[in-house]
Every structure is written in structure tokens, then in C-alpha cells.
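This report concerns only the one structure given below.
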Amino acid sequence: MPSGASAELTVRVMTDRDLHLAIGWAAAEGWNPGLSDAACFQASDPAGFLVGCLGGEPVASISVVRYAASFGFLGFYIVRPDRRGRGFGRRLWQAGLDHLTGCVVGLDGVVAQQDNYARSGFVPAHRNVRYGGSPQVEAPADPRLTAVDADLLDAVLTYDRPFFPAPREAFLRCWLQPDARTALAFVEDGTVKGYGVIRACRTGHKIGPLFADGAREADALFRALAARAGGAPVFLDVPEPNASAVRMASSYGLSPVFETARMYRGGRPDLPLAAIYGITSFELG
């Protein structure tokens with residue numbers, strides 16, 4: 001194909017059918033998306049999922065969710081294997097960045113693409129390591145562990161705010177709905193000191209986010225959430241700088257199965273990584 005082949009690509013906002021197709025591509029890449037994740041990310045930015053088409057046929061995807069005027073997150077960047085190496089990805093990539101003009105932009109880059117992202121101005125902040133396994137745990141009988149319901153929701157939204165570079169209330173109001181996921185908070189003396197979410201994925205279950213004031217709260221939340229998997233595989237995406245989170249994952253027999261680099265363009269947000277035991281992004285959850 002000539003180098004100008006990418007000019008044939010048209011870019012538009014995804015339909016539901018496009019998104020279902022692209023989620024299948026993500027599964028084929030080994031990203032193991034959750035069974036009903038997409039709607040919550042779309043709630044933050046309905047125009048933030050783009051598809052590149054050739055003659056009306058989808059061949060590439062990207063998510064560029066703008067959470068606020070100052071921050072967006074890029075992910076779900078896939079070119080169909082039979083269409084790679086022809087410039088289509090670059091065309092869609094640029095359209096995605098145009099959608100995030102004026103934002104600090106974050107992404108979780110797979111190892112093979114990190115050099116390419118660096119050439120586009122993205123700077124590594126730290127590794128995220130996916131730990132997976134089948135922990136045999138029982139839920140602790142701890143009255144401080146409570147379901148996140150309507151009465152607790154506002155307190156959890158407030159607790160979440162320091163852990164993400166921008167407000168994400170629309171996302172969380174969807175993510176914390178009990179019909180698709182289980183969300184638990186650690187509440188002591190009337191104060192939220194941690195919370196976590198588990199949901200079903202193509203394979204097993206993912207826990208994310210998992211934020212906690214310390215190892216005590218994180219451990220109780222992890223056991224309570226992992227017990228919901230009933231012995232099925234559980235995955236937790238851990239920021240490597242959080243040594244306590246790495247120890248916790250290892251202590252329950254979870255082993256590294258995948259890694260990415262958290263990278264930013266336009267500045268590195270100051271996040272409390274020591275309290276982030278599990279992250280949430282569209283690919284990684």
C-alpha cells in the first residue's frame with residue numbers, strides 16, 4: 001500500500017455495535033475486559049470512543065475519555081491485525097489526541113508500544129503489574145466492611161477524589177452500581193478508609209479500583225472482594241511503587257501475568273501511589 005493509504009481512513013464516534021466489536025479485539029489482545037465496563041467510561045465522555053473505518057468497515061479503535069477540561073485518558077488503541085503497518089493507527093491516534101487538546105493525557109502502555117508513545121511525548125511514571133491467580137480466601141467477618149449503597153455513595157466519591165487526576169463522578173456513579181459489580185467500603189468510626197470493586201471479566205474477575213489508607217484496610221477489602229470470586233481467577237493491577245500492594249498480592253498466591261507503563265503527556269499528576277492497591281482503566285480495569 002502507498003504511504004498515503006491512511007487518507008482513506010474515516011474516523012467517527014463509535015456506535016454500540018462498533019464498541020462490541022472492539023471489545024472483542026481487546027479480548028483477542030489478552031486485555032481481558034470486564035463484561036460490562038464500557039458504559040461507565042462512556043458515561044464520562046460519550047464522544048470519547050473513536051473508530052477508524054475503511055469503506056465503512058471498522059479497522060481500528062481508540063478511547064480518549066475526557067474527564068475534565070484538564071485531563072483525559074487514552075486507551076483501547078487497537079488496529080486490527082490484518083490492517084497493521086499501513087498508517088491507519090497513526091491517523092486514528094492523531095484524531096484521538098485532537099479530542100484531548102489542552103489536556104494532560106495519561107495512558108497505560110504495553111511494553112511493545114512504549115517507545116512509540118515516548119516519541120509522541122509520553123513520559124513513563126511507573127509500571128503497573130497485573131497479578132493473577134486463584135486465591136483461596138474467606139470473607140472476613142468484619143463489621144467495618146460494608147456495601148457501597150446510596151447512603152454511602154457520596155462519601156466514597158469524596159474518598160476517591162485524590163486518587164485520580166480529575167473528578168470522575170459520572171464514571172463512579174455507574175461503576176458502583178450493584179447490578180454489575182460488587183463494591184465494598186472499609187468504614188471506621190463513620191469515616192471511609194478504603195474501598196474496592198470486583199466484577200466479572202472474560203476470564204475470571206478483576207478487582208479495581210482498590211484504594212486504602214493502609215495495608216490493614218487493603219487486606220480486609222481484598223479478602224472480602226476476592227471471596228466473591230468463589231475460587232475463580234482474580235486479577236489485580238498494582239502500581240509497582242506500592243511495595244505494600246505487591247506484598248499483599250504475592251501473599252495470596254497471585255503472580256505477575258502482564259505489565260504496562262503508566263505514561264503521561266503534559267505533566268505528571270501527583271497521586272498517592274502508596275494508597276493505590278489496584279487501578280482502573282479501560283483495558284486494565
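If you're wondering about the labels, chains in the C-alpha cells are A, B, ... by order shown, residues count from 1 in each chain, ligands from 1 in order shown.
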Identify, with DSSP run on backbone atoms, the residues in stretch 98-189 of chain A assigned to strand (DSSP E), and express the list as a ChimeraX atom specification.
-> /A:104-110,123-133,145-147,182-188
Selected residues, N, CA and C atoms, written as a short mmCIF file (atom, residue, chain, number, x, y, z; two decimals), in the first residue's frame, please.
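part22.cif written:
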```cif
data_model
loop_
_atom_site.label_atom_id
_atom_site.label_comp_id
_atom_site.auth_asym_id
_atom_site.auth_seq_id
_atom_site.Cartn_x
_atom_site.Cartn_y
_atom_site.Cartn_z
N VAL A 104 -3.75 17.33 30.05
CA VAL A 104 -2.76 16.32 30.42
C VAL A 104 -3.37 14.97 30.04
N VAL A 105 -2.60 14.11 29.37
CA VAL A 105 -3.13 12.84 28.88
C VAL A 105 -2.36 11.69 29.52
N GLY A 106 -3.09 10.73 30.07
CA GLY A 106 -2.49 9.52 30.61
C GLY A 106 -2.81 8.32 29.75
N LEU A 107 -1.97 7.30 29.85
CA LEU A 107 -2.24 6.02 29.20
C LEU A 107 -1.48 4.93 29.93
N ASP A 108 -1.90 3.69 29.72
CA ASP A 108 -1.18 2.52 30.21
C ASP A 108 -0.64 1.79 28.99
N GLY A 109 0.66 1.91 28.75
CA GLY A 109 1.26 1.42 27.53
C GLY A 109 1.82 0.02 27.67
N VAL A 110 1.43 -0.87 26.77
CA VAL A 110 2.03 -2.20 26.75
C VAL A 110 3.50 -2.08 26.37
N VAL A 123 5.74 10.35 28.84
CA VAL A 123 6.86 10.10 29.74
C VAL A 123 6.43 9.03 30.76
N PRO A 124 7.24 7.98 30.94
CA PRO A 124 6.87 6.95 31.93
C PRO A 124 6.85 7.49 33.35
N ALA A 125 5.84 7.08 34.11
CA ALA A 125 5.75 7.43 35.52
C ALA A 125 6.09 6.23 36.40
N HIS A 126 5.53 5.06 36.08
CA HIS A 126 5.81 3.85 36.84
C HIS A 126 5.21 2.67 36.09
N ARG A 127 5.60 1.47 36.49
CA ARG A 127 4.99 0.26 35.93
C ARG A 127 3.73 -0.09 36.69
N ASN A 128 2.76 -0.63 35.97
CA ASN A 128 1.62 -1.31 36.57
C ASN A 128 1.77 -2.79 36.24
N VAL A 129 1.68 -3.62 37.25
CA VAL A 129 1.86 -5.06 37.05
C VAL A 129 0.56 -5.77 37.39
N ARG A 130 0.06 -6.55 36.45
CA ARG A 130 -1.14 -7.35 36.72
C ARG A 130 -0.74 -8.64 37.43
N TYR A 131 -1.30 -8.84 38.60
CA TYR A 131 -1.13 -10.07 39.35
C TYR A 131 -2.40 -10.90 39.21
N GLY A 132 -2.22 -12.19 38.96
CA GLY A 132 -3.37 -13.06 38.79
C GLY A 132 -3.17 -14.40 39.48
N GLY A 133 -4.27 -15.01 39.84
CA GLY A 133 -4.25 -16.32 40.47
C GLY A 133 -5.63 -16.65 41.00
N LEU A 145 -16.58 -3.57 57.11
CA LEU A 145 -16.75 -3.77 55.66
C LEU A 145 -18.23 -3.66 55.34
N THR A 146 -18.56 -2.76 54.46
CA THR A 146 -19.97 -2.51 54.16
C THR A 146 -20.16 -2.27 52.68
N ALA A 147 -21.28 -2.70 52.16
CA ALA A 147 -21.59 -2.49 50.74
C ALA A 147 -21.74 -0.99 50.46
N THR A 182 -19.61 -5.66 42.49
CA THR A 182 -19.70 -5.60 43.94
C THR A 182 -18.71 -4.55 44.44
N ALA A 183 -19.20 -3.57 45.17
CA ALA A 183 -18.36 -2.51 45.73
C ALA A 183 -18.49 -2.53 47.24
N LEU A 184 -17.35 -2.55 47.91
CA LEU A 184 -17.30 -2.57 49.37
C LEU A 184 -16.43 -1.43 49.86
N ALA A 185 -16.81 -0.87 51.00
CA ALA A 185 -16.00 0.16 51.64
C ALA A 185 -15.59 -0.30 53.03
N PHE A 186 -14.45 0.19 53.47
CA PHE A 186 -13.98 -0.02 54.84
C PHE A 186 -14.31 1.26 55.60
N VAL A 187 -15.26 1.16 56.52
CA VAL A 187 -15.74 2.34 57.25
C VAL A 187 -15.47 2.15 58.73
N GLU A 188 -14.72 3.08 59.31
CA GLU A 188 -14.36 3.00 60.73
C GLU A 188 -14.68 4.34 61.39
#
```
Write out as an MDAnalysis selection string which residues come within 7 Å of stretch 161-169 of chain A when counting only C-alpha atoms, dropping same-chain ones fewer than 3 positions away.
-> chainID A and resid 67:68 71 157:158 172:173 269 271:272
Polymer residues at most 12 Å from A:Gly24, only C-alpha atoms, same-chain spacing of 5 or more positions, as a PyMOL selection string | chain A and resi 17-19+29-35+61+76+78+80+202+283
Tell me, which residues of stretch 90-198 of chain A carry DSSP alpha helix (DSSP H), written as a PyMOL selection string?
-> chain A and resi 90-99+114-119+150-160+169-175
Would you mind exporting N, CA and C atoms of the selected residues as a compact mmCIF listing (two decimals), in the first residue's frame?
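As a result, again35.txt now contains:
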```
# COMPACT_ATOMS: atom_id res chain seq x y z
N ARG A 90 -1.89 5.46 13.06
CA ARG A 90 -1.38 6.81 13.28
C ARG A 90 -2.46 7.86 13.02
N ARG A 91 -3.24 7.64 12.00
CA ARG A 91 -4.33 8.58 11.68
C ARG A 91 -5.35 8.63 12.82
N LEU A 92 -5.72 7.48 13.35
CA LEU A 92 -6.69 7.44 14.44
C LEU A 92 -6.08 8.01 15.72
N TRP A 93 -4.82 7.70 15.96
CA TRP A 93 -4.10 8.22 17.12
C TRP A 93 -4.16 9.75 17.15
N GLN A 94 -3.90 10.37 16.01
CA GLN A 94 -3.91 11.83 15.95
C GLN A 94 -5.31 12.38 16.18
N ALA A 95 -6.32 11.71 15.64
CA ALA A 95 -7.69 12.15 15.88
C ALA A 95 -8.03 12.06 17.36
N GLY A 96 -7.54 11.01 18.02
CA GLY A 96 -7.78 10.87 19.44
C GLY A 96 -7.12 11.97 20.24
N LEU A 97 -5.86 12.28 19.93
CA LEU A 97 -5.17 13.35 20.65
C LEU A 97 -5.84 14.70 20.39
N ASP A 98 -6.37 14.89 19.19
CA ASP A 98 -7.08 16.14 18.91
C ASP A 98 -8.29 16.28 19.84
N HIS A 99 -8.94 15.18 20.13
CA HIS A 99 -10.09 15.22 21.05
C HIS A 99 -9.67 15.65 22.44
N GLN A 114 5.74 1.15 24.14
CA GLN A 114 6.18 2.25 25.00
C GLN A 114 7.13 3.20 24.28
N ASP A 115 8.00 2.69 23.44
CA ASP A 115 8.90 3.58 22.70
C ASP A 115 8.12 4.47 21.73
N ASN A 116 7.09 3.90 21.11
CA ASN A 116 6.26 4.71 20.21
C ASN A 116 5.55 5.82 20.97
N TYR A 117 5.04 5.50 22.15
CA TYR A 117 4.36 6.52 22.94
C TYR A 117 5.34 7.59 23.39
N ALA A 118 6.56 7.19 23.71
CA ALA A 118 7.57 8.16 24.11
C ALA A 118 7.86 9.14 22.97
N ARG A 119 7.86 8.65 21.75
CA ARG A 119 8.09 9.54 20.60
C ARG A 119 6.96 10.54 20.43
N ALA A 150 -26.59 3.65 48.32
CA ALA A 150 -26.92 5.05 48.08
C ALA A 150 -26.54 5.93 49.27
N ASP A 151 -26.65 5.40 50.47
CA ASP A 151 -26.32 6.20 51.65
C ASP A 151 -24.83 6.47 51.78
N LEU A 152 -24.01 5.58 51.25
CA LEU A 152 -22.56 5.70 51.38
C LEU A 152 -21.90 6.31 50.14
N LEU A 153 -22.66 6.41 49.06
CA LEU A 153 -22.07 6.77 47.77
C LEU A 153 -21.33 8.10 47.82
N ASP A 154 -21.93 9.12 48.36
CA ASP A 154 -21.27 10.43 48.35
C ASP A 154 -19.95 10.41 49.12
N ALA A 155 -19.91 9.66 50.22
CA ALA A 155 -18.66 9.57 50.99
C ALA A 155 -17.58 8.85 50.19
N VAL A 156 -17.96 7.83 49.42
CA VAL A 156 -16.99 7.12 48.59
C VAL A 156 -16.51 8.01 47.45
N LEU A 157 -17.41 8.79 46.86
CA LEU A 157 -17.00 9.73 45.82
C LEU A 157 -15.97 10.71 46.35
N THR A 158 -16.19 11.20 47.55
CA THR A 158 -15.24 12.13 48.16
C THR A 158 -13.91 11.43 48.44
N TYR A 159 -13.97 10.21 48.93
CA TYR A 159 -12.74 9.46 49.22
C TYR A 159 -11.94 9.22 47.95
N ASP A 160 -12.61 8.96 46.85
CA ASP A 160 -11.94 8.62 45.59
C ASP A 160 -11.16 9.80 45.00
N GLU A 169 -17.04 11.67 38.69
CA GLU A 169 -18.29 11.29 39.35
C GLU A 169 -19.19 10.49 38.42
N ALA A 170 -19.30 10.90 37.14
CA ALA A 170 -20.18 10.18 36.22
C ALA A 170 -19.73 8.73 36.07
N PHE A 171 -18.43 8.53 35.94
CA PHE A 171 -17.90 7.17 35.85
C PHE A 171 -18.23 6.37 37.10
N LEU A 172 -17.96 6.92 38.27
CA LEU A 172 -18.13 6.17 39.50
C LEU A 172 -19.60 5.88 39.81
N ARG A 173 -20.48 6.79 39.50
CA ARG A 173 -21.90 6.53 39.76
C ARG A 173 -22.38 5.34 38.95
N CYS A 174 -21.77 5.12 37.80
CA CYS A 174 -22.07 3.92 37.01
C CYS A 174 -21.31 2.72 37.56
N TRP A 175 -20.03 2.88 37.82
CA TRP A 175 -19.15 1.78 38.24
C TRP A 175 -19.57 1.16 39.56
```
Residues at most 6 Å from A:Val51, counting only C-alpha atoms, excluding those fewer than 5 positions away in the same chain, as a short mmCIF file (atom, residue, chain, number, x, y, z; two decimals) with N, CA and C atoms, in the first residue's frame?
```cif
data_model
loop_
_atom_site.label_atom_id
_atom_site.label_comp_id
_atom_site.auth_asym_id
_atom_site.auth_seq_id
_atom_site.Cartn_x
_atom_site.Cartn_y
_atom_site.Cartn_z
N VAL A 11 -12.83 8.59 10.41
CA VAL A 11 -12.89 8.47 11.86
C VAL A 11 -14.23 9.01 12.34
N ARG A 12 -14.88 8.26 13.20
CA ARG A 12 -16.16 8.70 13.76
C ARG A 12 -16.30 8.16 15.19
N MET A 14 -17.83 5.89 17.97
CA MET A 14 -18.31 4.52 17.90
C MET A 14 -19.82 4.42 18.15
N ALA A 60 -9.92 -0.05 13.30
CA ALA A 60 -9.08 0.44 14.39
C ALA A 60 -9.94 1.14 15.43
N SER A 61 -9.48 1.10 16.68
CA SER A 61 -10.23 1.72 17.78
C SER A 61 -9.31 2.49 18.69
#
```
Expressed in Å, the length from atom CA of A:Ala112 to atom CA of A:Gly267 is 22.7 Å
Computed gap from atom CA of A:Gly208 to atom CA of A:Leu254 is 15.1 Å
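Among the candidates A:Thr10, A:Thr203, A:Ser70, A:Ser44, the one nearest to A:Phe88 when counting only C-alpha atoms is A:Thr10.
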Considering only C-alpha atoms, return as a list in words whatever protein or nucleic-acid residues lie within 7 Å of A:Arg66, sequence-local ones (same chain, fewer than 6 positions apart) excluded.
->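 In the requested form, the answer reads Asp45, Gly48, Gly72, Phe73 and Leu100 of chain A.
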Using all heavy atoms, can you export the residues from the last selection as an mmCIF file, in the first residue's frame?
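So the final result, stored in again08.cif, reads:
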```cif
data_model
loop_
_atom_site.group_PDB
_atom_site.id
_atom_site.type_symbol
_atom_site.label_atom_id
_atom_site.label_comp_id
_atom_site.auth_asym_id
_atom_site.auth_seq_id
_atom_site.Cartn_x
_atom_site.Cartn_y
_atom_site.Cartn_z
ATOM 1 N N ASP A 45 -17.638 10.487 28.966
ATOM 2 C CA ASP A 45 -17.388 11.199 27.713
ATOM 3 C C ASP A 45 -17.968 10.390 26.563
ATOM 4 O O ASP A 45 -17.277 9.569 25.963
ATOM 5 C CB ASP A 45 -15.883 11.401 27.528
ATOM 6 C CG ASP A 45 -15.540 12.241 26.298
ATOM 7 O OD1 ASP A 45 -16.472 12.638 25.567
ATOM 8 O OD2 ASP A 45 -14.337 12.487 26.067
ATOM 9 N N GLY A 48 -15.927 9.995 23.493
ATOM 10 C CA GLY A 48 -14.541 9.616 23.707
ATOM 11 C C GLY A 48 -14.143 8.250 23.193
ATOM 12 O O GLY A 48 -13.050 7.785 23.495
ATOM 13 N N GLY A 72 -7.389 13.886 30.403
ATOM 14 C CA GLY A 72 -8.036 12.813 29.656
ATOM 15 C C GLY A 72 -7.180 11.562 29.700
ATOM 16 O O GLY A 72 -5.978 11.620 29.995
ATOM 17 N N PHE A 73 -7.806 10.436 29.408
ATOM 18 C CA PHE A 73 -7.087 9.165 29.431
ATOM 19 C C PHE A 73 -7.279 8.454 28.106
ATOM 20 O O PHE A 73 -8.401 8.326 27.609
ATOM 21 C CB PHE A 73 -7.572 8.267 30.579
ATOM 22 C CG PHE A 73 -6.562 7.240 30.985
ATOM 23 C CD1 PHE A 73 -5.628 7.510 31.961
ATOM 24 C CD2 PHE A 73 -6.535 5.998 30.371
ATOM 25 C CE1 PHE A 73 -4.673 6.559 32.324
ATOM 26 C CE2 PHE A 73 -5.595 5.048 30.725
ATOM 27 C CZ PHE A 73 -4.655 5.328 31.708
ATOM 28 N N LEU A 100 -8.411 15.390 22.802
ATOM 29 C CA LEU A 100 -7.904 15.718 24.131
ATOM 30 C C LEU A 100 -7.021 16.967 24.132
ATOM 31 O O LEU A 100 -6.229 17.169 25.060
ATOM 32 C CB LEU A 100 -7.126 14.523 24.698
ATOM 33 C CG LEU A 100 -7.938 13.247 24.927
ATOM 34 C CD1 LEU A 100 -7.040 12.127 25.441
ATOM 35 C CD2 LEU A 100 -9.094 13.492 25.893
#
```
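Closest approach to A:Gly87 among A:Ala38, A:Leu9, A:Ala229, A:Ala220: A:Leu9, based on only C-alpha atoms.
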